[in-house]
Amino acid sequence: MRTSAVLAVLAAVALASPAFGAPRDAAERRMVATVEADNARNLKLLEDLVRVNSGTMNLAGVERVGQMLRPEFEQLGFQVRWIPMAKVGRAGHLIATHKGNGKGKRILLIGHLDTVFEPDSPFQDWKRDGDIVEGPGVGDMKGGDVIIVAALRAMQAAGTLKTADITVVLTGDEEKPGAPLAEARADLIAAGRNSDVALDFEGLSRVGGRDVGSIARRSSTSWTIRAKAPSGHSSGVCKPAAGCGAIYELARIVDEFRRELPEPNLTYNVGVIVGGSQADLNAGDTGGQASGKPNVIAAEALARGDIRTLSEEQEQRVRARMKAIVARHLDKTEAEIVFSDDGYPPMAPTEGNKALLAKLNQVNAALDLPEMPAGDPANRGAGDISFVAFIDGLVGLGMAGEGSHAPGETADLKSLDVQAKRAALLITRLSKEPRPRR
Ligand SMILES: [Zn+2]
């Protein structure tokens with residue numbers, strides 16, 4: 001490029017910057033600078049957290065991670081409580097509350113302390129290669145927990161924390177919730193009832209290298225089908241006197257699901273199936289055993305699977321269709337479907353959630369970052385924010401990464417600062433909006 005062309009480009013940039021940079025006031029500039037200055041400290045905290053195994057069932061490890069985060073919030077003036085969850089067979093939740101001026105929107109920040117990698121997993125420790133870190137839970141979601149801390153610290157440095165009403169809920173059993181679920185999530189739901197907006201720091205979604213916003217999550221509901229039929233000699237199978245048996249009935253049901261259920265934003269899966277003269281699932285419903293003979297009509301068959309839907313309306317409608325399919329029994333057979341009551345509800349893409357993404361995009365403009373389009377909710381699994389879907393919410397404020405829930409999970413360290421800046425500005429701006437009357 002010739003010098004004059006370079007100067008022309010520089011001039012254009014100089015002219016363009018104020019338009020984007022204008023909304024950034026002194027406090028916002030201070031938050032940005034603080035996040036950058038704290039980078040090494042934030043990275044160290046992330047490394048320390050990842051190096052402690054906190055598989056959901058490693059109760060001591062989960063509590064240890066909670067203890068490590070506790071002082072981070074206390075230093076910022078939060079009241080911190082550890083809520084033991086022995087009654088649901090899990091470690092507990094860390095809840096930190098910050099009293100502001102009582103005027104602005106009350107903001108709920110959601111994270112979790114646990115990972116899917118238990119102590120017996122071969123995937124442990126922390127491995128850094130440039131900007132990419134490999135480690136259990138680094139992206140899902142210890143990175144998000146660190147981003148919460150980094151954003152709040154930046155707010156404190158800029159003086160915008162003191163007026164903000166904030167509750168942080170870090171659950172200890174997001175990956176494998178305790179039972180009954182209603183008790184395991186009671187504290188999160190109560191925090192949601194006392195908040196006006198929820199931000200969830202699960203991993204940032206990227207599509208084709210572009211950051212996208214997440215305004216919805218699908219439900220996760222498991223189901224069990226039990227089919228029964230009279231047994232008999234195989235020479236009479238599917239004849240009027242004997243009927244087809246339980247395996248054909250179950251096969252009919254799951255095949256009609258496959259052919260008749262598909263619609264946008266719905267997935268339906270069969271995960272395990274057993275059948276024979278005698279069949280049963282094991283205690284954890286993760287497998288089972290069956291016995292039978294080629295020349296005997298099957299008397300019992302069972303299947304387990306899940307459905308994922310985008311709204312409560314879709315959830316109820318699909319369940320009704322599944323029940324109707326089950327009820328079209330083959331002659332002489334019977335079957336019933338039971339939906340578990342420990343599923344995750346859907347978080348629908350409401351107008352309030354869309355408006356929240358628009359505010360995040362105003363923050364992006366202030367930070368000279370590209371606009372984030374709304375991502376496809378079909379790409380997001382169920383999550384804790386779904387339990388507080390009765391208030392406006394946004395997901396995916398954590399670190400970008402790949403391969404969550406599988407050994408070799410990574411996070412992109414470049415996303416830590418960017419996400420902490422976005423969060424600090426967004427939380428600050430929301431905390432200045434008037435609290436809605438309820
Ligand atoms: Zn997660």
# chains A, B, ... in the order shown; residues from 1 in each chain; ligands from 1
>>> closest_atom_pairs(of="chain A", to="ligand 1", cutoff="9 Å", atoms="only C-alpha atoms and all ligand atoms", output="Markdown table")
| residue | atom | partner | partner_atom_place_in_ligand_line | distance |
| --- | --- | --- | --- | --- |
| A:Gly111 | CA | ligand 1 | 1 (Zn) | 7.7 |
| A:His112 | CA | ligand 1 | 1 (Zn) | 6.7 |
| A:Leu113 | CA | ligand 1 | 1 (Zn) | 8.9 |
| A:Asp114 | CA | ligand 1 | 1 (Zn) | 8.1 |
| A:Thr115 | CA | ligand 1 | 1 (Zn) | 7.3 |
| A:Val116 | CA | ligand 1 | 1 (Zn) | 8.8 |
| A:Gly137 | CA | ligand 1 | 1 (Zn) | 8.0 |
| A:Gly139 | CA | ligand 1 | 1 (Zn) | 8.1 |
| A:Asp140 | CA | ligand 1 | 1 (Zn) | 4.5 |
| A:Met141 | CA | ligand 1 | 1 (Zn) | 5.2 |
| A:Lys142 | CA | ligand 1 | 1 (Zn) | 8.7 |
| A:Glu174 | CA | ligand 1 | 1 (Zn) | 6.5 |
| A:Glu175 | CA | ligand 1 | 1 (Zn) | 6.5 |
| A:Phe201 | CA | ligand 1 | 1 (Zn) | 8.5 |
| A:Glu202 | CA | ligand 1 | 1 (Zn) | 5.5 |
| A:Gly203 | CA | ligand 1 | 1 (Zn) | 7.4 |
| A:Gly383 | CA | ligand 1 | 1 (Zn) | 7.0 |
| A:Asp384 | CA | ligand 1 | 1 (Zn) | 8.3 |
| A:Ser404 | CA | ligand 1 | 1 (Zn) | 8.2 |
| A:His405 | CA | ligand 1 | 1 (Zn) | 8.6 |
>>> write_last_selection(atoms="C-alpha atoms", output="JSON list (two decimals), in the first residue's frame")
[["chain", "number", "residue", "atom", "x", "y", "z"],
["A", 111, "GLY", "CA", -22.22, -20.52, 36.72],
["A", 112, "HIS", "CA", -21.32, -23.98, 37.97],
["A", 113, "LEU", "CA", -18.47, -25.47, 39.98],
["A", 114, "ASP", "CA", -18.62, -29.07, 38.75],
["A", 115, "THR", "CA", -17.39, -30.78, 35.59],
["A", 116, "VAL", "CA", -18.25, -34.09, 33.90],
["A", 137, "GLY", "CA", -13.99, -28.02, 32.64],
["A", 139, "GLY", "CA", -14.55, -24.02, 28.97],
["A", 140, "ASP", "CA", -17.50, -25.76, 30.66],
["A", 141, "MET", "CA", -17.33, -23.76, 32.71],
["A", 142, "LYS", "CA", -14.52, -22.69, 35.00],
["A", 174, "GLU", "CA", -25.04, -28.73, 36.84],
["A", 175, "GLU", "CA", -23.61, -31.70, 34.98],
["A", 201, "PHE", "CA", -21.68, -17.89, 31.72],
["A", 202, "GLU", "CA", -21.65, -21.22, 29.91],
["A", 203, "GLY", "CA", -19.35, -21.31, 26.88],
["A", 383, "GLY", "CA", -28.73, -25.73, 31.20],
["A", 384, "ASP", "CA", -29.29, -24.13, 34.56],
["A", 404, "SER", "CA", -16.92, -29.85, 26.10],
["A", 405, "HIS", "CA", -17.91, -33.05, 27.92]]
>>> residues_around(residues="Val197 of chain A", least_positions_apart="5", cutoff="7 Å", atoms="only C-alpha atoms", output="list in words")
Arg106, Ile107, Leu108, Ile391, Asp392 and Gly393 of chain A
>>> closest_residue(among="A:Leu49, A:Val418, A:Ala358, A:Ala190", to="Gln124 of chain A", atoms="only C-alpha atoms")
A:Leu49
>>> residues_around(residues="Val169 of chain A", least_positions_apart="3", cutoff="8 Å", atoms="only C-alpha atoms", output="VMD selection string")
chain A and resid 93 to 96 108 to 112 188 191
>>> closest_residue(among="A:Gly100, A:Pro119, A:Gly408, A:Gly144", to="Gln156 of chain A", atoms="only C-alpha atoms")
A:Gly100
>>> residues_around(residues="Lys432 of chain A", least_positions_apart="2", cutoff="10 Å", atoms="only C-alpha atoms", output="PyMOL selection string")
chain A and resi 101+103-106+160+163-165+427-430+434-435
>>> atom_distance(atom1="atom CA of Ala374 of chain A", atom2="atom CA of Arg210 of chain A")
11.1 Å
